[in-house]
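Working notes, beginning with the structure itself.
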Amino acid sequence: MTDHPLLDIRDFSLVFDTFDGTYHAIDGVNLSLQPGEALGLVGETGCGKSVLTRAAFGLVPSPPARITGGSVQLQGRELLGLSDRALRQVRGREVAMIFQDPMTYLNPVFRVGTQLVDAIRAQSGGQTKRDEAKAIALDMLEKVQLPNPNRQFAAYPHELSGGMRQRVLIAMALAAKPKLLIADEPTTALDVTIQAQILDLMAELVADMGLTMIMISHDLGVVAQVCSRIAVMYAGKIVEDAPVARIFDAPAHPYTKGLLAALPHPFRRQDRLESIPGTLPDLLHPPAGCLFAARCPHAAPICAKPVPMRRIDDSHRVACTLYDPAREKDRADA
Amino acid sequence: MLEPITTRPPDGPAMLSIRDLDVHFPLANGQLVRAVEQLSLTLRAGETVGLVGESGSGKTTVGKTALRLVKPTAGHIEIGGMDVIDVSARDLRKLRQKAQIIFQDPHSSLNPRMTIRRAVSEGLILNTDLRGRTLRDRVSETLTSLGLPAQFHDRYPHELSGGQKQRVCIARALVLDPDLLVLDEPTSALDVSVQAQILGILKDLRDTRPSLTQLFISHNLAVIRFLCERVAVMYLGRIVEEGPVEQVFDAPAHPYTRALLSAVPVPEAVKRPDRMRLSGDIPSPTNVPKGCAFHTRCPIAEKGLCDTTPPPALTPGPGRMALCHFAGRTTEQT
């Protein structure tokens, strides 16, 4: 690829200092996004997907968190080590975020319009005048297809439904024309018909505004609706990173395969679902090699050594010894 | 032309029979929440029936009312031929032994100060004469059969994972050897790999306890498809469609069912062409639309009919029911 990535995360590691010891939440993550790409970051509870994206933009308080290495570059500019003030400029203007529960992120005692105008003015460092900000806000509410924008502008958050609140937050996030949108489980709190509306909207916005996006979700079906690429996380590491079609049609990592086999399908008859045996490794004392080895049907002695991410083709990376030429040799020796 | 339903003859004895159920909750401001309206549903002995709907559709209220945890406003409910509504406190207790419920969040369903052995024993102590060695054996046997070996039996809930806690809740229900089990979103709080284990356990019950009748309440259509033989779809307190799972999923007769199914994010790289999107949100159950409750969001609603006349219950196929003026025609249009 010739383009410079918009976001380039390299060897990023983060620990939490706890009373029980050092918890290795993120270990050596590499992830880069080209402009206009929509990446789905998928994994089960506690895999580190939210921590990774929040910590990269300074949203995980330290202590207890401690970034132990790596770099996070946004359009070539290093973000790790920036002052709180500088990071605040990055967030909101260059990187916007939306989260799972839209009610939590709106202040219940202010009108929706007031909050939008304040946010838009803050994004410009107070440069935008109130009436200009209001015009931008109404325009954005239209873009996110909120019915009756003028009326909702004067409404309080409790008067809006969950889907409408999420639309307001998307409008707020996109008003400053950010380069990158982080959407952390944006539809998990919504009903399925409303979820479908919001996912359609996000897919449209990604296409129309040329938005670059990371969508975090535990639901492979949800990211498949919007994203072109999926990265699968397990126990603080990215284990597989590939185009959507490859993840579903030719998954390479045993964990990805396990996740897919565990998923009930709405339109297929299934007699059995495969569950993944065992439990997550103890990240207070992580093993040196593959973190999935203890649950993996293909585990071999070579898996006890550190397993790097390996390219199996131009667009498909996987961290598994099954794709390591040394594995065969190892077996022959043993 | 479709014939209106008169009676649908059940193939076996009814385990749970709900007829013309209304459940209304008065609000402080004088409004009435019509949570369940004129709902009828029959579960034959040994059947697994899914009750699906979005939040606020009344599905949980139906489950709770069936076990008389909520008092209905009007209607009849029988469990194993025994009236649940006009029943003495003594008989109700006997009935509850035979009808058990499992909730979404296993953590808040377990007393944090009781070991899991104690939690599972409690129902037996209250309802049976089992004591001492026999009680202990019965509890151990049930827990072990659900994949919780002896080393777990004297632990407290906080020492268990979410999936293990849900197994305890299932054990607590099954140890009383119930005839009817109501499961209210039992896997919604779990990760997919753990969900697959719990769904496997529940499906196995169909073989190991063939007479057990299960009412499975969920918003997740894929889970219903996997587990249930029959499904009832709820919208604003009513069952709008009912029938064998495969038929309803493959050829939905009600436009709401169709919309619900097309909103499910499918874990596949190919986008399905038969998309049908609903605009707007579910109306408030305090202000249910006149005529057909769904007409405000229905893409095929006809003015002068759907907004004035409640739809009849039609039979689009054997063992099926759809509450729609145009049931069955929905697939021909578009």
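Going through the structure tokens in order, the chains are called A, B, and so on, while each chain numbers its residues from 1 and the ligands are numbered from 1 in the order shown.
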message: Quick check: residues of chain A within 8 Å of chain B, only C-alpha atoms, returned as a PyMOL selection string.
response: chain A and resi 44-45+161+163+191-197+218+220-222+224-225+244-245+248-249+258-259+262-267+269-276
Store the residues picked out above in a file with N, CA and C atoms, as a short mmCIF file (atom, residue, chain, number, x, y, z; two decimals), in the first residue's frame.
data_model
loop_
_atom_site.label_atom_id
_atom_site.label_comp_id
_atom_site.auth_asym_id
_atom_site.auth_seq_id
_atom_site.Cartn_x
_atom_site.Cartn_y
_atom_site.Cartn_z
N GLU A 44 -14.56 -10.77 22.53
CA GLU A 44 -15.48 -10.99 23.64
C GLU A 44 -15.14 -10.07 24.80
N THR A 45 -16.02 -10.07 25.79
CA THR A 45 -15.85 -9.24 26.97
C THR A 45 -14.42 -9.36 27.52
N SER A 161 -36.24 8.96 21.88
CA SER A 161 -36.04 7.51 22.02
C SER A 161 -34.55 7.19 21.94
N GLY A 163 -32.88 5.37 19.83
CA GLY A 163 -32.37 5.52 18.47
C GLY A 163 -32.15 6.98 18.11
N ASP A 191 -32.85 -1.72 20.09
CA ASP A 191 -33.62 -2.84 19.55
C ASP A 191 -33.18 -3.14 18.13
N VAL A 192 -33.50 -4.34 17.68
CA VAL A 192 -32.96 -4.80 16.40
C VAL A 192 -33.44 -3.96 15.21
N THR A 193 -34.70 -3.52 15.22
CA THR A 193 -35.16 -2.71 14.07
C THR A 193 -34.51 -1.33 14.10
N ILE A 194 -34.26 -0.81 15.31
CA ILE A 194 -33.61 0.50 15.43
C ILE A 194 -32.12 0.36 15.11
N GLN A 195 -31.54 -0.75 15.57
CA GLN A 195 -30.14 -1.05 15.26
C GLN A 195 -29.92 -1.04 13.75
N ALA A 196 -30.86 -1.66 13.02
CA ALA A 196 -30.73 -1.72 11.56
C ALA A 196 -30.74 -0.31 10.97
N GLN A 197 -31.61 0.57 11.50
CA GLN A 197 -31.64 1.96 11.02
C GLN A 197 -30.30 2.65 11.25
N HIS A 218 -19.03 -6.71 19.92
CA HIS A 218 -18.88 -8.12 20.24
C HIS A 218 -19.62 -8.95 19.21
N LEU A 220 -20.26 -10.10 15.46
CA LEU A 220 -19.71 -10.19 14.11
C LEU A 220 -20.73 -9.78 13.06
N GLY A 221 -22.02 -10.05 13.33
CA GLY A 221 -23.06 -9.68 12.38
C GLY A 221 -23.16 -8.18 12.23
N VAL A 222 -23.03 -7.46 13.33
CA VAL A 222 -23.15 -6.00 13.29
C VAL A 222 -22.02 -5.38 12.48
N ALA A 224 -20.29 -6.72 10.21
CA ALA A 224 -20.39 -7.14 8.80
C ALA A 224 -21.28 -6.20 8.00
N GLN A 225 -22.22 -5.53 8.68
CA GLN A 225 -23.12 -4.63 7.97
C GLN A 225 -22.42 -3.35 7.50
N VAL A 244 -13.64 -8.40 5.43
CA VAL A 244 -14.84 -9.04 5.98
C VAL A 244 -15.09 -10.41 5.33
N ALA A 245 -15.01 -10.46 4.01
CA ALA A 245 -15.34 -11.71 3.32
C ALA A 245 -14.40 -12.83 3.74
N PHE A 248 -15.32 -14.32 7.23
CA PHE A 248 -16.47 -15.22 7.25
C PHE A 248 -16.26 -16.46 6.39
N ASP A 249 -15.59 -16.30 5.26
CA ASP A 249 -15.49 -17.42 4.33
C ASP A 249 -14.23 -18.25 4.50
N GLY A 258 -13.58 -20.58 16.01
CA GLY A 258 -14.39 -20.95 17.17
C GLY A 258 -15.55 -19.99 17.39
N LEU A 259 -15.27 -18.69 17.25
CA LEU A 259 -16.33 -17.69 17.42
C LEU A 259 -17.43 -17.91 16.40
N ALA A 262 -19.63 -20.83 17.09
CA ALA A 262 -20.46 -20.69 18.29
C ALA A 262 -21.70 -19.86 18.02
N LEU A 263 -21.74 -19.22 16.87
CA LEU A 263 -22.76 -18.23 16.58
C LEU A 263 -24.02 -18.88 16.01
N PRO A 264 -25.17 -18.66 16.66
CA PRO A 264 -26.39 -19.17 16.04
C PRO A 264 -26.75 -18.33 14.83
N HIS A 265 -27.23 -18.98 13.78
CA HIS A 265 -27.54 -18.27 12.54
C HIS A 265 -29.06 -18.17 12.38
N PRO A 266 -29.57 -16.95 12.09
CA PRO A 266 -31.03 -16.80 12.05
C PRO A 266 -31.68 -17.53 10.88
N PHE A 267 -30.94 -17.79 9.81
CA PHE A 267 -31.59 -18.35 8.63
C PHE A 267 -31.05 -19.72 8.23
N ARG A 269 -30.55 -23.89 9.57
CA ARG A 269 -30.85 -24.90 10.57
C ARG A 269 -29.53 -25.41 11.14
N GLN A 270 -29.38 -25.38 12.45
CA GLN A 270 -28.16 -25.89 13.07
C GLN A 270 -28.56 -26.85 14.18
N ASP A 271 -27.98 -28.02 14.17
CA ASP A 271 -28.32 -28.95 15.24
C ASP A 271 -27.46 -28.72 16.47
N ARG A 272 -26.24 -28.26 16.23
CA ARG A 272 -25.28 -28.06 17.33
C ARG A 272 -24.58 -26.73 17.13
N LEU A 273 -24.18 -26.11 18.22
CA LEU A 273 -23.25 -24.98 18.14
C LEU A 273 -21.98 -25.46 18.81
N GLU A 274 -20.85 -25.10 18.27
CA GLU A 274 -19.59 -25.48 18.91
C GLU A 274 -19.26 -24.41 19.93
N SER A 275 -18.99 -24.82 21.17
CA SER A 275 -18.52 -23.81 22.11
C SER A 275 -17.01 -23.95 22.22
N ILE A 276 -16.38 -22.87 22.70
CA ILE A 276 -14.93 -22.90 22.84
C ILE A 276 -14.63 -23.42 24.24
#
field: Residue set, stretch 109-284 of chain B restricted to helix (DSSP H, G or I), as a VMD selection string
entry: chain B and resid 116 to 127 132 to 145 150 to 152 157 to 159 162 to 174 192 to 208 221 to 227 245 to 250 255 to 263
query: Can you list every residue in stretch 55-279 of chain B that DSSP puts in strand (DSSP E), as a ChimeraX atom specification?
result: /B:74-79,82-83,99-102,180-184,213-218,230-235,238-244
message: Show me, as an NGL selection string, the residues that have an atom within 8 Å of A:Pro186 when counting only C-alpha atoms, minus same-chain residues fewer than 4 positions from it.
response: :A and (98-101 or 166 or 215)
message: Need the shell around A:Thr53: protein/DNA/RNA residues with any atom at most 12 Å away, counting only C-alpha atoms. Skip same-chain ones fewer than 6 positions apart. Format as a ChimeraX atom specification?
response: /A:7-9,12-14,26,29,31,40-41,59-60,72,95-99,180-184,213-216,236
task: Could you give me, as a list in words, the residues within 9 Å of A:Lys143, counting only C-alpha atoms and dropping anything in the same chain fewer than 5 positions from it?
output: Leu138, Ala171 and Leu205 of chain A
Those residues with N, CA, C and O atoms, as a short mmCIF file (atom, residue, chain, number, x, y, z; two decimals), in the first residue's frame please?
data_model
loop_
_atom_site.label_atom_id
_atom_site.label_comp_id
_atom_site.auth_asym_id
_atom_site.auth_seq_id
_atom_site.Cartn_x
_atom_site.Cartn_y
_atom_site.Cartn_z
N LEU A 138 -28.33 22.03 13.07
CA LEU A 138 -29.56 21.64 12.37
C LEU A 138 -29.24 20.87 11.09
O LEU A 138 -29.90 19.89 10.75
N ALA A 171 -24.54 13.01 15.22
CA ALA A 171 -24.50 14.37 14.68
C ALA A 171 -23.44 15.18 15.39
O ALA A 171 -22.64 15.90 14.78
N LEU A 205 -22.98 7.19 6.01
CA LEU A 205 -22.07 8.26 6.37
C LEU A 205 -20.63 7.91 6.02
O LEU A 205 -19.87 8.75 5.55
#
